[in-house]
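This is start-v4.cif. It holds mmCIF, C-alpha atoms and all ligand atoms.
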data_upload
loop_
_atom_site.label_atom_id
_atom_site.label_comp_id
_atom_site.auth_asym_id
_atom_site.auth_seq_id
_atom_site.Cartn_x
_atom_site.Cartn_y
_atom_site.Cartn_z
CA MET A 825 26.29 12.83 2.85
CA SER A 826 23.57 15.34 2.02
CA ASP A 827 21.29 16.61 4.78
CA SER A 828 18.31 14.74 3.38
CA LEU A 829 20.27 11.50 3.11
CA ALA A 830 21.54 11.93 6.66
CA ALA A 831 17.98 12.60 7.83
CA PHE A 832 16.81 9.46 6.04
CA HIS A 833 19.54 7.34 7.66
CA ALA A 834 18.62 8.78 11.05
CA THR A 835 15.14 7.19 10.68
CA LEU A 836 16.86 3.80 10.53
CA ASP A 837 19.35 4.43 13.33
CA PRO A 838 19.01 1.43 15.66
CA SER A 839 19.72 3.61 18.69
CA ARG A 840 16.75 5.90 17.98
CA ARG A 841 13.97 5.47 20.50
CA SER A 842 10.51 6.95 20.76
CA TRP A 843 8.60 8.64 23.52
CA VAL A 844 5.80 6.25 22.55
CA GLU A 845 6.92 3.62 25.05
CA SER A 846 5.27 0.63 23.34
CA ALA A 847 7.43 1.32 20.27
CA ASN A 848 10.57 0.49 22.26
CA GLU A 849 9.52 -3.02 23.25
CA THR A 850 11.75 -5.66 21.68
CA ASP A 851 8.93 -7.69 20.18
CA THR A 852 6.90 -4.87 18.68
CA ASP A 853 6.28 -4.97 14.93
CA PHE A 854 6.20 -1.19 14.86
CA PRO A 855 9.30 0.42 16.36
CA ILE A 856 10.13 3.98 15.34
CA GLN A 857 12.33 2.52 12.58
CA ASN A 858 9.26 1.06 10.80
CA LEU A 859 6.41 3.64 10.66
CA PRO A 860 4.14 1.80 8.19
CA PHE A 861 1.04 3.46 6.76
CA CYS A 862 -2.50 2.20 7.37
CA VAL A 863 -6.08 3.34 6.85
CA PHE A 864 -8.06 3.53 10.06
CA SER A 865 -11.30 4.84 11.47
CA ARG A 866 -12.56 5.30 14.97
CA GLU A 867 -16.19 5.18 16.01
CA THR A 868 -18.13 7.40 13.65
CA GLU A 869 -15.12 9.30 12.29
CA SER A 870 -14.46 8.99 8.60
CA PRO A 871 -11.49 6.82 7.60
CA ARG A 872 -8.12 8.40 7.01
CA VAL A 873 -4.48 7.40 6.55
CA GLY A 874 -2.34 7.00 9.65
CA VAL A 875 1.11 5.81 10.62
CA ALA A 876 1.61 2.98 13.11
CA ILE A 877 4.04 3.28 16.00
CA GLY A 878 4.06 0.75 18.83
CA ASP A 879 0.43 0.12 19.76
CA GLN A 880 -0.66 3.55 18.52
CA ILE A 881 -1.60 5.16 15.21
CA VAL A 882 -0.60 8.73 14.44
CA ASP A 883 -3.50 10.70 12.98
CA VAL A 884 -1.29 12.35 10.38
CA PHE A 885 -3.94 14.60 8.86
CA ALA A 886 -4.90 15.98 12.26
CA ALA A 887 -1.23 16.68 12.93
CA ILE A 888 -1.14 19.21 10.08
CA SER A 889 -2.84 21.71 12.36
CA CYS A 890 0.10 21.39 14.77
CA ASP A 891 2.43 22.85 12.14
CA VAL A 892 4.68 19.83 12.28
CA PHE A 893 5.10 19.21 8.54
CA THR A 894 6.84 21.22 5.86
CA GLY A 895 7.54 20.87 2.14
CA ASP A 896 6.97 17.47 0.53
CA ALA A 897 5.94 16.04 3.89
CA LEU A 898 3.06 18.49 4.08
CA GLU A 899 1.85 17.38 0.65
CA ALA A 900 1.90 13.76 1.85
CA ALA A 901 0.16 14.67 5.11
CA ARG A 902 -2.67 16.38 3.20
CA ALA A 903 -3.18 13.16 1.20
CA CYS A 904 -3.55 11.34 4.52
CA GLY A 905 -6.94 13.03 4.98
CA GLU A 906 -8.44 10.67 2.41
CA ALA A 907 -10.14 7.35 3.08
CA THR A 908 -7.64 5.40 0.98
CA MET A 909 -3.93 5.68 0.26
CA ASN A 910 -4.42 6.00 -3.50
CA THR A 911 -3.58 9.71 -3.64
CA LEU A 912 -0.64 9.31 -1.25
CA MET A 913 0.63 6.40 -3.35
CA SER A 914 0.23 8.35 -6.59
CA LEU A 915 2.60 11.07 -5.34
CA GLY A 916 5.57 8.73 -5.68
CA ARG A 917 8.16 7.96 -3.07
CA ALA A 918 9.55 11.41 -2.20
CA PRO A 919 6.59 12.90 -0.27
CA SER A 920 5.99 9.81 1.86
CA ARG A 921 9.73 9.59 2.52
CA ALA A 922 9.79 13.24 3.65
CA LEU A 923 6.77 12.59 5.87
CA ARG A 924 8.47 9.56 7.36
CA ILE A 925 11.60 11.58 8.13
CA GLN A 926 9.68 14.39 9.85
CA LEU A 927 7.44 12.00 11.78
CA SER A 928 10.45 9.99 12.94
CA ASP A 929 12.03 13.20 14.27
CA TRP A 930 8.87 14.27 16.11
CA LEU A 931 8.28 10.82 17.60
CA SER A 932 11.87 10.47 18.76
CA VAL A 933 12.81 10.93 22.41
CA ASP A 934 14.99 13.79 21.17
CA ALA A 935 11.95 15.79 20.01
CA ALA A 936 11.20 18.97 21.88
CA ASP A 937 8.79 18.60 24.79
CA ALA A 938 6.48 21.14 23.22
CA MET A 939 6.23 19.06 20.06
CA ARG A 940 5.53 15.91 22.03
CA ALA A 941 2.78 17.72 23.90
CA ARG A 942 1.18 18.70 20.61
CA LEU A 943 1.41 15.26 19.00
CA GLU A 944 0.50 13.06 21.94
CA PRO A 945 -3.24 13.86 21.80
CA LEU A 946 -3.22 12.84 18.13
CA LEU A 947 -2.26 9.24 18.88
CA VAL A 948 -5.08 6.75 18.43
CA PRO A 949 -4.76 3.49 20.40
CA MET A 950 -4.75 0.68 17.85
CA HIS A 951 -7.32 -1.29 19.82
CA GLU A 952 -9.80 1.55 19.42
CA ALA A 953 -9.32 1.76 15.66
CA ARG A 954 -10.81 -0.22 12.82
CA LEU A 955 -8.19 -0.98 10.20
CA LEU A 956 -9.41 -0.84 6.63
CA LEU A 957 -8.25 -1.83 3.17
CA PRO A 958 -5.24 0.41 2.42
CA ALA A 959 -6.29 1.38 -1.10
CA THR A 960 -8.99 1.05 -3.69
CA VAL A 961 -7.45 -1.71 -5.74
CA GLY A 962 -7.83 -0.99 -9.45
CA ASP A 963 -6.02 -4.08 -10.62
CA TYR A 964 -4.55 -7.08 -8.88
CA THR A 965 -1.92 -9.27 -10.52
CA ASP A 966 -0.55 -12.39 -8.92
CA PHE A 967 2.86 -13.70 -9.92
CA TYR A 968 4.40 -17.12 -9.40
CA ALA A 969 7.85 -16.01 -8.32
CA SER A 970 8.94 -18.93 -6.11
CA VAL A 971 10.71 -21.54 -8.18
CA HIS A 972 10.33 -23.99 -5.29
CA HIS A 973 6.55 -23.51 -5.20
CA ALA A 974 6.31 -23.76 -8.99
CA THR A 975 8.38 -26.94 -8.98
CA ASN A 976 6.54 -28.59 -6.09
CA VAL A 977 3.11 -27.83 -7.55
CA GLY A 978 4.22 -28.68 -11.09
CA ARG A 979 5.47 -32.05 -9.89
CA MET A 980 1.99 -32.94 -8.64
CA PHE A 981 0.30 -32.05 -11.89
CA ARG A 982 3.09 -32.89 -14.38
CA PRO A 983 5.54 -35.38 -12.81
CA ASP A 984 7.58 -35.57 -16.04
CA GLN A 985 8.02 -31.82 -16.42
CA PRO A 986 7.48 -30.03 -13.10
CA LEU A 987 8.86 -26.69 -14.28
CA LEU A 988 7.72 -25.42 -17.65
CA PRO A 989 10.49 -24.18 -19.98
CA ASN A 990 9.47 -20.50 -19.78
CA TYR A 991 9.75 -20.28 -16.00
CA LYS A 992 13.38 -19.18 -15.73
CA TRP A 993 13.01 -16.58 -18.47
CA VAL A 994 9.74 -14.83 -17.75
CA PRO A 995 8.10 -13.79 -14.46
CA ILE A 996 4.82 -15.71 -14.82
CA GLY A 997 1.64 -14.10 -13.53
CA TYR A 998 -2.08 -13.87 -14.08
CA HIS A 999 -4.60 -11.08 -13.71
CA GLY A 1000 -6.56 -11.58 -10.52
CA ARG A 1001 -9.74 -9.98 -9.30
CA ALA A 1002 -9.51 -6.64 -7.48
CA SER A 1003 -13.12 -6.61 -6.19
CA SER A 1004 -12.52 -9.44 -3.73
CA VAL A 1005 -9.31 -8.13 -2.15
CA VAL A 1006 -10.22 -7.77 1.54
CA VAL A 1007 -8.41 -6.59 4.64
CA SER A 1008 -7.18 -8.83 7.43
CA GLY A 1009 -9.97 -9.95 9.75
CA THR A 1010 -12.60 -10.31 7.03
CA PRO A 1011 -14.25 -13.76 7.22
CA VAL A 1012 -13.59 -15.90 4.16
CA LYS A 1013 -16.57 -17.85 2.90
CA ARG A 1014 -15.75 -21.31 1.60
CA PRO A 1015 -16.47 -21.02 -2.12
CA ALA A 1016 -18.66 -23.37 -4.07
CA GLY A 1017 -17.86 -24.40 -7.59
CA GLN A 1018 -17.30 -27.17 -10.07
CA ARG A 1019 -14.93 -29.83 -8.86
CA LYS A 1020 -14.07 -33.20 -10.29
CA ALA A 1021 -11.82 -35.69 -8.59
CA PRO A 1022 -9.61 -37.77 -10.91
CA THR A 1023 -11.73 -40.78 -9.94
CA GLU A 1024 -14.98 -39.10 -11.01
CA ASP A 1025 -16.32 -39.10 -14.57
CA THR A 1026 -18.18 -35.84 -14.38
CA PRO A 1027 -17.92 -32.75 -12.21
CA THR A 1028 -20.32 -31.81 -9.44
CA VAL A 1029 -21.07 -28.42 -7.95
CA GLY A 1030 -20.69 -27.74 -4.26
CA PRO A 1031 -18.49 -26.25 -1.56
CA SER A 1032 -14.78 -26.66 -2.19
CA ARG A 1033 -13.36 -29.72 -0.46
CA SER A 1034 -9.76 -28.55 -0.85
CA LEU A 1035 -9.60 -25.01 0.50
CA ASP A 1036 -6.05 -23.74 0.94
CA TYR A 1037 -4.16 -20.57 1.83
CA GLU A 1038 -1.16 -19.17 -0.01
CA LEU A 1039 1.52 -17.24 1.89
CA GLU A 1040 2.53 -14.31 -0.27
CA LEU A 1041 3.98 -10.86 -0.15
CA GLY A 1042 2.06 -8.06 -1.81
CA ALA A 1043 3.56 -4.91 -3.30
CA TRP A 1044 1.45 -1.76 -3.67
CA VAL A 1045 2.09 0.28 -6.79
CA GLY A 1046 2.79 3.96 -6.17
CA LYS A 1047 3.34 6.35 -9.05
CA GLY A 1048 2.05 4.72 -12.21
CA ASN A 1049 3.15 4.80 -15.84
CA THR A 1050 1.33 6.07 -18.91
CA LEU A 1051 -0.27 3.49 -21.21
CA GLY A 1052 2.34 2.61 -23.83
CA ASP A 1053 5.30 3.54 -21.64
CA THR A 1054 7.50 1.02 -19.89
CA ILE A 1055 9.24 1.01 -16.49
CA SER A 1056 12.96 0.24 -16.48
CA ILE A 1057 14.39 -2.12 -13.91
CA ASP A 1058 16.35 0.74 -12.36
CA GLU A 1059 13.21 2.87 -12.01
CA ALA A 1060 10.95 0.06 -10.83
CA GLU A 1061 11.22 0.54 -7.09
CA ALA A 1062 10.45 4.23 -7.44
CA HIS A 1063 7.04 3.04 -8.68
CA LEU A 1064 6.42 0.77 -5.70
CA PHE A 1065 4.95 2.32 -2.56
CA GLY A 1066 5.35 -0.46 -0.05
CA VAL A 1067 4.84 -4.06 0.90
CA CYS A 1068 2.20 -6.06 2.78
CA LEU A 1069 1.25 -9.66 3.47
CA LEU A 1070 -1.17 -11.36 1.13
CA ASN A 1071 -3.15 -14.58 1.50
CA ASP A 1072 -4.25 -15.77 -1.93
CA TRP A 1073 -6.91 -18.22 -0.72
CA SER A 1074 -7.21 -21.05 -3.23
CA ALA A 1075 -9.79 -23.79 -3.85
CA ARG A 1076 -7.55 -26.55 -5.16
CA ASP A 1077 -10.34 -28.79 -6.44
CA LEU A 1078 -11.87 -25.95 -8.44
CA GLN A 1079 -8.40 -24.98 -9.61
CA SER A 1080 -7.34 -28.38 -10.93
CA TRP A 1081 -10.56 -28.72 -12.97
CA GLU A 1082 -10.67 -25.18 -14.42
CA TYR A 1083 -7.06 -24.05 -14.83
CA GLN A 1084 -6.39 -25.29 -18.33
CA PRO A 1085 -5.91 -23.62 -20.72
CA LEU A 1086 -6.23 -20.08 -19.35
CA GLY A 1087 -5.06 -20.35 -15.74
CA PRO A 1088 -6.66 -19.53 -12.38
CA PHE A 1089 -10.21 -18.19 -12.35
CA LEU A 1090 -12.93 -18.99 -9.79
CA ALA A 1091 -10.51 -21.03 -7.67
CA LYS A 1092 -8.76 -17.82 -6.69
CA ASN A 1093 -11.07 -14.84 -6.98
CA PHE A 1094 -13.45 -15.40 -4.06
CA ALA A 1095 -11.11 -13.69 -1.56
CA SER A 1096 -7.55 -12.40 -1.29
CA THR A 1097 -6.66 -11.05 2.14
CA VAL A 1098 -4.08 -8.29 2.69
CA SER A 1099 -2.56 -7.03 5.92
CA PRO A 1100 -3.63 -3.47 6.78
CA PHE A 1101 -0.12 -2.06 7.24
CA VAL A 1102 1.94 -0.96 4.27
CA VAL A 1103 5.63 -1.22 5.11
CA THR A 1104 7.66 1.17 3.00
CA PHE A 1105 10.75 0.26 1.03
CA ASP A 1106 12.47 2.96 3.10
CA ALA A 1107 11.86 0.99 6.30
CA LEU A 1108 13.08 -2.17 4.58
CA GLU A 1109 16.34 -0.57 3.43
CA PRO A 1110 18.52 -2.21 6.16
CA PHE A 1111 17.23 -5.66 5.20
CA ARG A 1112 17.86 -5.58 1.47
CA ALA A 1113 19.84 -8.51 0.15
CA PRO A 1114 20.33 -10.37 -3.10
CA LEU A 1115 17.80 -13.08 -3.88
CA ALA A 1116 19.07 -16.64 -3.43
CA PRO A 1117 21.63 -17.41 -6.15
CA ARG A 1118 20.32 -19.07 -9.26
CA ALA A 1119 21.65 -22.46 -10.32
CA ALA A 1120 24.77 -22.22 -12.49
CA SER A 1121 22.86 -23.82 -15.34
CA ASP A 1122 20.04 -21.23 -15.20
CA PRO A 1123 19.87 -18.50 -17.84
CA GLU A 1124 20.85 -14.96 -16.89
CA PRO A 1125 17.82 -12.66 -16.75
CA LEU A 1126 17.31 -10.88 -20.08
CA PRO A 1127 18.82 -7.37 -20.02
CA TYR A 1128 15.52 -5.56 -19.34
CA LEU A 1129 15.15 -7.62 -16.13
CA SER A 1130 18.71 -7.14 -15.00
CA GLY A 1131 19.71 -4.11 -12.91
CA GLU A 1132 22.75 -3.62 -10.73
CA ARG A 1133 20.86 -2.35 -7.67
CA ASP A 1134 18.20 -5.02 -8.06
CA LEU A 1135 20.78 -7.78 -8.30
CA ALA A 1136 22.57 -6.49 -5.21
CA GLY A 1137 19.51 -5.84 -3.03
CA GLY A 1138 16.26 -6.70 -4.81
CA GLY A 1139 15.43 -9.25 -2.12
CA LEU A 1140 13.83 -7.93 1.06
CA GLY A 1141 15.20 -10.32 3.70
CA LEU A 1142 11.87 -11.12 5.35
CA THR A 1143 10.98 -14.13 7.42
CA LEU A 1144 7.45 -15.25 6.60
CA GLU A 1145 5.28 -17.45 8.78
CA VAL A 1146 1.92 -19.19 8.70
CA TRP A 1147 0.00 -19.81 11.91
CA LEU A 1148 -3.14 -21.94 12.22
CA ARG A 1149 -5.81 -22.05 14.93
CA THR A 1150 -8.75 -24.40 14.70
CA ALA A 1151 -12.12 -23.94 16.39
CA ARG A 1152 -11.22 -26.63 18.90
CA MET A 1153 -7.94 -24.90 19.72
CA ARG A 1154 -9.85 -21.66 20.29
CA ASP A 1155 -12.47 -23.38 22.44
CA GLU A 1156 -9.83 -25.10 24.54
CA GLY A 1157 -7.82 -21.93 24.97
CA HIS A 1158 -4.83 -22.98 22.88
CA ASP A 1159 -2.76 -20.49 20.93
CA ALA A 1160 -2.29 -20.69 17.19
CA VAL A 1161 0.48 -23.03 16.05
CA ARG A 1162 3.11 -22.16 13.47
CA ILE A 1163 2.96 -24.51 10.53
CA SER A 1164 5.63 -23.04 8.26
CA ARG A 1165 8.42 -20.51 8.12
CA GLY A 1166 10.14 -19.31 4.97
CA SER A 1167 12.17 -16.45 3.54
CA SER A 1168 11.33 -13.96 0.83
CA LEU A 1169 14.92 -14.32 -0.39
CA ASP A 1170 13.91 -17.70 -1.81
CA LEU A 1171 11.89 -15.96 -4.51
CA TYR A 1172 13.26 -16.33 -8.02
CA TRP A 1173 12.10 -12.88 -9.16
CA SER A 1174 12.18 -9.57 -7.26
CA PHE A 1175 9.26 -7.13 -7.14
CA ALA A 1176 11.27 -4.78 -9.37
CA GLN A 1177 11.57 -7.54 -11.96
CA MET A 1178 7.86 -8.35 -11.69
CA LEU A 1179 6.83 -4.70 -12.12
CA THR A 1180 9.26 -4.08 -14.98
CA HIS A 1181 8.03 -7.19 -16.76
CA HIS A 1182 4.39 -6.23 -16.14
CA ALA A 1183 4.88 -2.87 -17.85
CA SER A 1184 7.30 -4.14 -20.49
CA ASN A 1185 4.54 -4.31 -23.10
CA GLY A 1186 3.31 -0.81 -22.25
CA CYS A 1187 0.66 -1.97 -19.77
CA ASN A 1188 -0.13 0.97 -17.49
CA MET A 1189 0.21 0.42 -13.77
CA ARG A 1190 -1.77 2.68 -11.45
CA ALA A 1191 -1.48 3.82 -7.86
CA GLY A 1192 -3.15 1.27 -5.61
CA ASP A 1193 -2.61 -1.66 -7.96
CA LEU A 1194 -1.63 -4.75 -6.03
CA ILE A 1195 1.06 -7.17 -7.11
CA GLY A 1196 1.30 -10.58 -5.44
CA SER A 1197 4.60 -12.44 -5.31
CA GLY A 1198 3.01 -15.85 -5.59
CA THR A 1199 3.32 -18.43 -2.84
CA VAL A 1200 6.64 -18.04 -1.05
CA SER A 1201 8.12 -21.51 -0.60
CA GLY A 1202 11.69 -22.44 0.20
CA PRO A 1203 13.70 -25.51 -0.71
CA LEU A 1204 13.45 -27.20 2.69
CA PRO A 1205 10.61 -28.96 4.51
CA GLY A 1206 8.84 -26.53 6.81
CA SER A 1207 9.34 -23.62 4.43
CA GLN A 1208 6.46 -24.34 2.07
CA GLY A 1209 3.80 -21.65 1.84
CA CYS A 1210 0.58 -23.61 1.26
CA LEU A 1211 -1.09 -26.83 2.39
CA LEU A 1212 -1.09 -28.25 -1.14
CA GLU A 1213 2.68 -28.52 -0.89
CA ILE A 1214 2.96 -29.33 2.81
CA THR A 1215 0.44 -32.16 2.77
CA LYS A 1216 1.05 -33.24 -0.83
CA ARG A 1217 -2.58 -32.61 -1.75
CA ALA A 1218 -3.85 -33.95 1.59
CA ALA A 1219 -2.03 -37.28 1.14
CA GLU A 1220 0.13 -36.51 4.19
CA PRO A 1221 -1.97 -34.38 6.56
CA ILE A 1222 -0.28 -32.26 9.19
CA VAL A 1223 -0.96 -33.29 12.78
CA LEU A 1224 -1.57 -30.45 15.23
CA PRO A 1225 -0.46 -30.53 18.89
CA ASN A 1226 -3.99 -31.39 20.07
CA GLY A 1227 -4.16 -34.40 17.74
CA GLU A 1228 -6.32 -32.79 15.06
CA SER A 1229 -5.07 -33.16 11.50
CA ARG A 1230 -5.44 -31.09 8.36
CA GLY A 1231 -5.02 -31.95 4.69
CA PHE A 1232 -6.80 -28.75 3.71
CA LEU A 1233 -8.68 -26.11 5.71
CA GLU A 1234 -11.85 -26.87 7.66
CA ASN A 1235 -14.58 -24.38 8.47
CA SER A 1236 -13.76 -22.14 11.46
CA ASP A 1237 -10.00 -22.54 10.92
CA GLU A 1238 -8.14 -19.28 11.31
CA VAL A 1239 -5.04 -18.68 9.19
CA VAL A 1240 -2.66 -15.92 10.27
CA LEU A 1241 0.29 -14.82 8.13
CA ARG A 1242 3.14 -12.91 9.76
CA ALA A 1243 6.37 -11.38 8.50
CA PHE A 1244 9.33 -9.68 10.07
CA ALA A 1245 12.82 -8.56 9.19
CA GLU A 1246 15.75 -8.71 11.53
CA ARG A 1247 19.50 -8.61 11.32
CA GLU A 1248 22.51 -7.68 13.41
CA GLY A 1249 22.86 -3.93 13.71
CA ALA A 1250 19.23 -3.10 12.86
CA VAL A 1251 16.00 -2.94 14.81
CA ARG A 1252 13.58 -5.75 14.02
CA ILE A 1253 10.46 -4.62 12.18
CA GLY A 1254 7.26 -6.55 11.53
CA PHE A 1255 4.22 -6.44 9.28
CA GLY A 1256 1.35 -7.07 11.74
CA ALA A 1257 -1.07 -9.90 11.05
CA CYS A 1258 -2.86 -10.98 7.90
CA ALA A 1259 -5.69 -13.08 9.29
CA GLY A 1260 -8.86 -14.74 8.10
CA VAL A 1261 -11.31 -17.31 9.44
CA VAL A 1262 -12.93 -19.79 7.06
CA VAL A 1263 -16.70 -19.78 7.38
CA GLY A 1264 -19.12 -22.25 5.86
CA LYS A 1265 -21.91 -19.75 5.44
CA VAL A 1266 -22.15 -16.01 5.87
CA CA A 1301 -1.08 -17.21 -5.68
#

Is it possible to give me this structure as structure tokens?
Amino acid sequence: MSDSLAAFHATLDPSRRSWVESANETDTDFPIQNLPFCVFSRETESPRVGVAIGDQIVDVFAAISCDVFTGDALEAARACGEATMNTLMSLGRAPSRALRIQLSDWLSVDAADAMRARLEPLLVPMHEARLLLPATVGDYTDFYASVHHATNVGRMFRPDQPLLPNYKWVPIGYHGRASSVVVSGTPVKRPAGQRKAPTEDTPTVGPSRSLDYELELGAWVGKGNTLGDTISIDEAEAHLFGVCLLNDWSARDLQSWEYQPLGPFLAKNFASTVSPFVVTFDALEPFRAPLAPRAASDPEPLPYLSGERDLAGGGLGLTLEVWLRTARMRDEGHDAVRISRGSSLDLYWSFAQMLTHHASNGCNMRAGDLIGSGTVSGPLPGSQGCLLEITKRAAEPIVLPNGESRGFLENSDEVVLRAFAEREGAVRIGFGACAGVVVGKV
């Protein structure tokens, strides 16, 4: 094993512990094995890129003055002085990997006391920081990579042909709207629009009556490709910087009236919430696994979408959850309740396949572009990633512990997405929250 590979594996060593005590707690999302990036600001300071550990954020740019970084890691640390991750992302995977390795060493209990003394003052308590959108999103594309979601939704709209014939050949997606991608915690205003119930002859305009969330994973593009060039399946992950949670809020009544023939439009582009932490593929390495096997009768992916490494480990092994808290639950002091739990391994297409397909016509991807997986739904009840599926378009509302029921979201409802990865022989890592409260007016 080369030194650099050994150093990389050391960052994932389950026995490694940090002198940041909160990083050693069993239920933390941010042990020393994770070290996700985020953009933060404190009081009047300008925003910059940091790295989360336990309940703290390392001010990476400030740490440069402590002479803690060398080589590629120093290049990455300099990019952390900016108010977005776009430059850091554009550098490709190597600099952020080097930075992660050096930070992991310095934050370890094995680090020299002198180094700890230098770094400790550069920790920012998370509760004192404002977490911001990780990048300026140039383009946002949302895929439809869960065959279970596509089938369940298709069945409602086309009972005779739930899954269209192209689905198992081509990763389906649409171009979303980058301007309305917001960070966790941003209130989501219930959109107004044209909606027409099947029983109505003509549409009316007004606030959506069928507001929904969609539980998705997001992938941030790192190093881009030149217009006209493609990205091979084997190279694809080198172009992805990291992963986050994504709530693709959806107004189902607007959607069902407007979606034909060109797909989602105003039903989807009023808000898409991302979690502030970007978990790197390096941190996810112990949790890689193949996606759920395809049915024997399904076609093999076409050669450009088929790569050995992707087939073996293109899935990320994440457990994904949706939690709901109504205004009444808040008022009465009740915690949020979990309404679904699924797995990213139930996706039909990997992020590498989505990215490769996206660039297969020469479309240029750029650092900070956001790719959504599409709603992550599994085959079993309880693993469906949106209310449309869970309540069968509000026909079977969910009943909450306090007796309230929901077909779709009401004003003041808070939706929180969570994700974590765990397995025997590795330290559990999490994604933090991706939260938003529905508001009637802002
Ligand atoms: Ca979606």

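Shortest atom-to-atom contact with Ile877 of chain A among A:Asp891, A:Glu906, A:Glu1220, A:Glu944: A:Glu944, counting all atoms listed in the file.
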
All residues having an atom within 9 Å of ligand CA 1301 (chain A) (only C-alpha atoms and all ligand atoms) as a VMD selection string
chain A and resid 966 to 968 997 1037 to 1040 1070 to 1074 1092 1196 to 1199

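You can rank A:Ala1091, A:Val1200, A:Ala1160, A:Leu1129 by their closest distance to Ala1060 of chain A using only C-alpha atoms, and at the top of that list sits A:Leu1129.
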
A:Ser1032, A:Ser914, A:Gln1079, A:Ser1207 ranked by distance to Arg1162 of chain A, top pick (using all atoms listed in the file)
A:Ser1207

Select from segment 1172-1227 of chain A every residue with an atom at most 10 Å from any atom of segment 999-1021 of chain A, then for each give the shortest pair of atoms and their distance in Å to one decimal, using all atoms listed in the file, rows by chain and rising number, as CSV.
residue,atom,partner,partner_atom,distance
A:Asp1193,CA,A:Ala1002,CA,8.5
A:Leu1194,CA,A:Ala1002,CA,8.2
A:Ile1195,CA,A:Gly1000,CA,9.4
A:Gly1196,CA,A:Gly1000,CA,9.4

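Neighbours of Val977 of chain A closer than or equal to 8 Å, with only C-alpha atoms counted and sequence neighbours fewer than 4 positions away skipped, come out as His973, Phe981, Pro986, Leu1212 and Glu1213 of chain A.
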
Output segment 1165-1175 of chain A as a tab-separated table (two decimals), in the coordinates of the input, making sure N, CA, C and O atoms are there.
chain	number	residue	atom	x	y	z
A	1165	ARG	N	7.60	-21.72	8.03
A	1165	ARG	CA	8.42	-20.51	8.12
A	1165	ARG	C	9.35	-20.49	6.91
A	1165	ARG	O	10.07	-21.45	6.67
A	1166	GLY	N	9.31	-19.40	6.17
A	1166	GLY	CA	10.14	-19.31	4.97
A	1166	GLY	C	10.80	-17.94	4.86
A	1166	GLY	O	10.71	-17.12	5.77
A	1167	SER	N	11.47	-17.71	3.76
A	1167	SER	CA	12.17	-16.45	3.54
A	1167	SER	C	11.83	-15.89	2.17
A	1167	SER	O	11.81	-16.62	1.17
A	1168	SER	N	11.62	-14.59	2.13
A	1168	SER	CA	11.33	-13.96	0.83
A	1168	SER	C	12.56	-13.98	-0.08
A	1168	SER	O	12.43	-13.75	-1.28
A	1169	LEU	N	13.73	-14.25	0.47
A	1169	LEU	CA	14.92	-14.32	-0.39
A	1169	LEU	C	14.92	-15.57	-1.25
A	1169	LEU	O	15.73	-15.70	-2.17
A	1170	ASP	N	14.01	-16.51	-0.97
A	1170	ASP	CA	13.91	-17.70	-1.81
A	1170	ASP	C	13.10	-17.47	-3.08
A	1170	ASP	O	12.93	-18.40	-3.87
A	1171	LEU	N	12.59	-16.26	-3.26
A	1171	LEU	CA	11.89	-15.96	-4.51
A	1171	LEU	C	12.90	-15.96	-5.67
A	1171	LEU	O	14.07	-15.61	-5.49
A	1172	TYR	N	12.41	-16.30	-6.84
A	1172	TYR	CA	13.26	-16.33	-8.02
A	1172	TYR	C	13.29	-14.98	-8.72
A	1172	TYR	O	14.25	-14.64	-9.39
A	1173	TRP	N	12.21	-14.22	-8.55
A	1173	TRP	CA	12.10	-12.88	-9.16
A	1173	TRP	C	11.84	-11.85	-8.07
A	1173	TRP	O	11.08	-12.11	-7.13
A	1174	SER	N	12.42	-10.67	-8.20
A	1174	SER	CA	12.18	-9.57	-7.26
A	1174	SER	C	10.92	-8.80	-7.69
A	1174	SER	O	10.46	-8.92	-8.83
A	1175	PHE	N	10.42	-7.97	-6.78
A	1175	PHE	CA	9.26	-7.13	-7.14
A	1175	PHE	C	9.63	-6.17	-8.27
A	1175	PHE	O	8.80	-5.84	-9.11
